[in-house]
Amino acid sequence: MADDVPTTRLPPSPIEREILGPHRPTGWVLQTLDGRRGPDRGVLHAPDCGEVPQGAPVLKVEQALDAAEKAGVRLCSLCGAAQELEPLLHGFGRGFEQDD
């Protein structure tokens with residue numbers, strides 16, 4: 001029966017591709033804002049965000065979460081970093097609690 005299991009992955013169908021959209025590169029990039037006035041010291045972006053500085057290193061999820069917890073670092077809402085990292089920072093259960 002193990003011979004019946006497909007070993008190659010088929011590309012997504014056009015409908016799946018439309019629903020899922022394009023896949024972005026993995027990881028996050030921290031844009032440091034040194035020398036700026038105010039509380040902002042950095043912004044976390046997806047690696048393909050147009051605001052990412054050229055040559056900035058790509059962070060793994062643990063590194064991105066550590067950076068996001070520092071004072072003065074915010075998550076970019078333009079590229080989706082905020083939508084992806086917020087649940088990890090604040091827990092997945094938030095917003096699903098039932099009121100008694």
# chains A, B, ... in the order shown; residues from 1 in each chain; ligands from 1
$ residues_around --residues "A:Pro47" --least-positions-apart "4" --cutoff "12 Å" --atoms "only C-alpha atoms" --output "list in words"
His23, Arg24, Pro25, Thr26, Gly27, Trp28, Val29, Leu30, Gln31, Val43, Glu51, Val52, Pro53, Gln54, Gly55, Ala56, Pro57, Val58, Leu59, Lys60, Ala64, Cys76, Cys79, Gly80 and Ala81 of chain A
$ closest_residue --among "A:Leu75, A:Leu65, A:His45, A:Lys70" --to "A:Leu88" --atoms "only C-alpha atoms"
A:Leu65
$ atom_distance --atom1 "atom CA of A:Gly72" --atom2 "atom CA of A:Arg41"
4.8 Å
$ residues_around --residues "A:Ser77" --least-positions-apart "6" --cutoff "12 Å" --atoms "only C-alpha atoms" --output "list in words"
Val43, Leu44, His45, Ala46, Cys49, Glu51, Gln83, Glu84, Leu85 and Glu86 of chain A
$ write_last_selection --atoms "all heavy atoms" --output "mmCIF file, in the first residue's frame"
data_model
loop_
_atom_site.group_PDB
_atom_site.id
_atom_site.type_symbol
_atom_site.label_atom_id
_atom_site.label_comp_id
_atom_site.auth_asym_id
_atom_site.auth_seq_id
_atom_site.Cartn_x
_atom_site.Cartn_y
_atom_site.Cartn_z
ATOM 1 N N VAL A 43 11.217 48.851 12.197
ATOM 2 C CA VAL A 43 9.993 48.318 11.599
ATOM 3 C C VAL A 43 10.309 46.927 11.059
ATOM 4 O O VAL A 43 11.301 46.754 10.346
ATOM 5 C CB VAL A 43 9.478 49.214 10.447
ATOM 6 C CG1 VAL A 43 8.184 48.665 9.872
ATOM 7 C CG2 VAL A 43 9.299 50.648 10.899
ATOM 8 N N LEU A 44 9.469 45.965 11.391
ATOM 9 C CA LEU A 44 9.609 44.616 10.853
ATOM 10 C C LEU A 44 8.773 44.504 9.586
ATOM 11 O O LEU A 44 7.595 44.871 9.569
ATOM 12 C CB LEU A 44 9.141 43.570 11.859
ATOM 13 C CG LEU A 44 10.186 43.084 12.832
ATOM 14 C CD1 LEU A 44 9.551 42.271 13.943
ATOM 15 C CD2 LEU A 44 11.256 42.272 12.135
ATOM 16 N N HIS A 45 9.395 44.002 8.530
ATOM 17 C CA HIS A 45 8.752 43.857 7.225
ATOM 18 C C HIS A 45 8.846 42.416 6.744
ATOM 19 O O HIS A 45 9.740 41.678 7.155
ATOM 20 C CB HIS A 45 9.472 44.705 6.164
ATOM 21 C CG HIS A 45 9.484 46.167 6.431
ATOM 22 N ND1 HIS A 45 8.426 46.987 6.152
ATOM 23 C CD2 HIS A 45 10.459 46.964 6.930
ATOM 24 C CE1 HIS A 45 8.750 48.236 6.462
ATOM 25 N NE2 HIS A 45 9.977 48.243 6.943
ATOM 26 N N ALA A 46 7.989 42.053 5.802
ATOM 27 C CA ALA A 46 8.182 40.834 5.019
ATOM 28 C C ALA A 46 9.345 41.110 4.074
ATOM 29 O O ALA A 46 9.580 42.255 3.685
ATOM 30 C CB ALA A 46 6.915 40.512 4.227
ATOM 31 N N CYS A 49 8.745 43.298 0.936
ATOM 32 C CA CYS A 49 8.113 44.610 1.107
ATOM 33 C C CYS A 49 8.957 45.669 0.397
ATOM 34 O O CYS A 49 10.194 45.626 0.428
ATOM 35 C CB CYS A 49 7.992 44.947 2.592
ATOM 36 S SG CYS A 49 7.207 46.546 2.932
ATOM 37 N N GLU A 51 9.518 48.578 1.331
ATOM 38 C CA GLU A 51 10.188 49.445 2.297
ATOM 39 C C GLU A 51 11.464 48.828 2.884
ATOM 40 O O GLU A 51 12.150 49.469 3.670
ATOM 41 C CB GLU A 51 9.223 49.777 3.447
ATOM 42 C CG GLU A 51 7.972 50.510 3.000
ATOM 43 C CD GLU A 51 8.291 51.892 2.438
ATOM 44 O OE1 GLU A 51 9.098 52.612 3.048
ATOM 45 O OE2 GLU A 51 7.726 52.235 1.391
ATOM 46 N N GLN A 83 -0.018 41.261 10.289
ATOM 47 C CA GLN A 83 -1.041 40.218 10.307
ATOM 48 C C GLN A 83 -0.443 38.850 10.616
ATOM 49 O O GLN A 83 -1.091 38.013 11.232
ATOM 50 C CB GLN A 83 -1.785 40.155 8.963
ATOM 51 C CG GLN A 83 -2.646 41.353 8.685
ATOM 52 C CD GLN A 83 -1.872 42.511 8.057
ATOM 53 O OE1 GLN A 83 -0.650 42.506 7.959
ATOM 54 N NE2 GLN A 83 -2.591 43.525 7.632
ATOM 55 N N GLU A 84 0.795 38.614 10.200
ATOM 56 C CA GLU A 84 1.414 37.324 10.430
ATOM 57 C C GLU A 84 2.015 37.199 11.828
ATOM 58 O O GLU A 84 1.950 36.134 12.435
ATOM 59 C CB GLU A 84 2.505 37.073 9.389
ATOM 60 C CG GLU A 84 1.949 36.880 8.001
ATOM 61 C CD GLU A 84 3.035 36.678 6.965
ATOM 62 O OE1 GLU A 84 4.179 36.368 7.347
ATOM 63 O OE2 GLU A 84 2.743 36.840 5.778
ATOM 64 N N LEU A 85 2.602 38.260 12.337
ATOM 65 C CA LEU A 85 3.312 38.168 13.611
ATOM 66 C C LEU A 85 2.439 38.479 14.822
ATOM 67 O O LEU A 85 2.723 37.993 15.919
ATOM 68 C CB LEU A 85 4.536 39.084 13.597
ATOM 69 C CG LEU A 85 5.649 38.650 12.649
ATOM 70 C CD1 LEU A 85 6.748 39.700 12.592
ATOM 71 C CD2 LEU A 85 6.212 37.307 13.050
ATOM 72 N N GLU A 86 1.403 39.280 14.680
ATOM 73 C CA GLU A 86 0.540 39.628 15.824
ATOM 74 C C GLU A 86 -0.017 38.396 16.532
ATOM 75 O O GLU A 86 0.052 38.323 17.760
ATOM 76 C CB GLU A 86 -0.616 40.534 15.383
ATOM 77 C CG GLU A 86 -0.245 41.981 15.214
ATOM 78 C CD GLU A 86 -0.010 42.693 16.538
ATOM 79 O OE1 GLU A 86 -0.612 42.325 17.562
ATOM 80 O OE2 GLU A 86 0.796 43.623 16.534
#
$ residues_around --residues "A:Gly42" --least-positions-apart "4" --cutoff "6 Å" --atoms "only C-alpha atoms" --output "PDB file with N, CA, C and O atoms, in the first residue's frame"
ATOM      1  N   GLN A  31      14.002  46.791   9.710  1.00  0.00           N
ATOM      2  CA  GLN A  31      14.521  48.072   9.220  1.00  0.00           C
ATOM      3  C   GLN A  31      14.791  48.931  10.446  1.00  0.00           C
ATOM      4  O   GLN A  31      13.869  49.279  11.180  1.00  0.00           O
ATOM      5  N   THR A  32      16.040  49.248  10.695  1.00  0.00           N
ATOM      6  CA  THR A  32      16.361  50.085  11.849  1.00  0.00           C
ATOM      7  C   THR A  32      16.182  51.547  11.477  1.00  0.00           C
ATOM      8  O   THR A  32      16.477  51.962  10.353  1.00  0.00           O
ATOM      9  N   LEU A  33      15.680  52.311  12.416  1.00  0.00           N
ATOM     10  CA  LEU A  33      15.392  53.727  12.200  1.00  0.00           C
ATOM     11  C   LEU A  33      16.270  54.572  13.107  1.00  0.00           C
ATOM     12  O   LEU A  33      15.788  55.448  13.816  1.00  0.00           O
ATOM     13  N   VAL A  73       9.841  49.120  18.317  1.00  0.00           N
ATOM     14  CA  VAL A  73       9.767  48.367  17.063  1.00  0.00           C
ATOM     15  C   VAL A  73       8.301  48.111  16.751  1.00  0.00           C
ATOM     16  O   VAL A  73       7.540  47.652  17.590  1.00  0.00           O
TER      17      VAL A  73
END
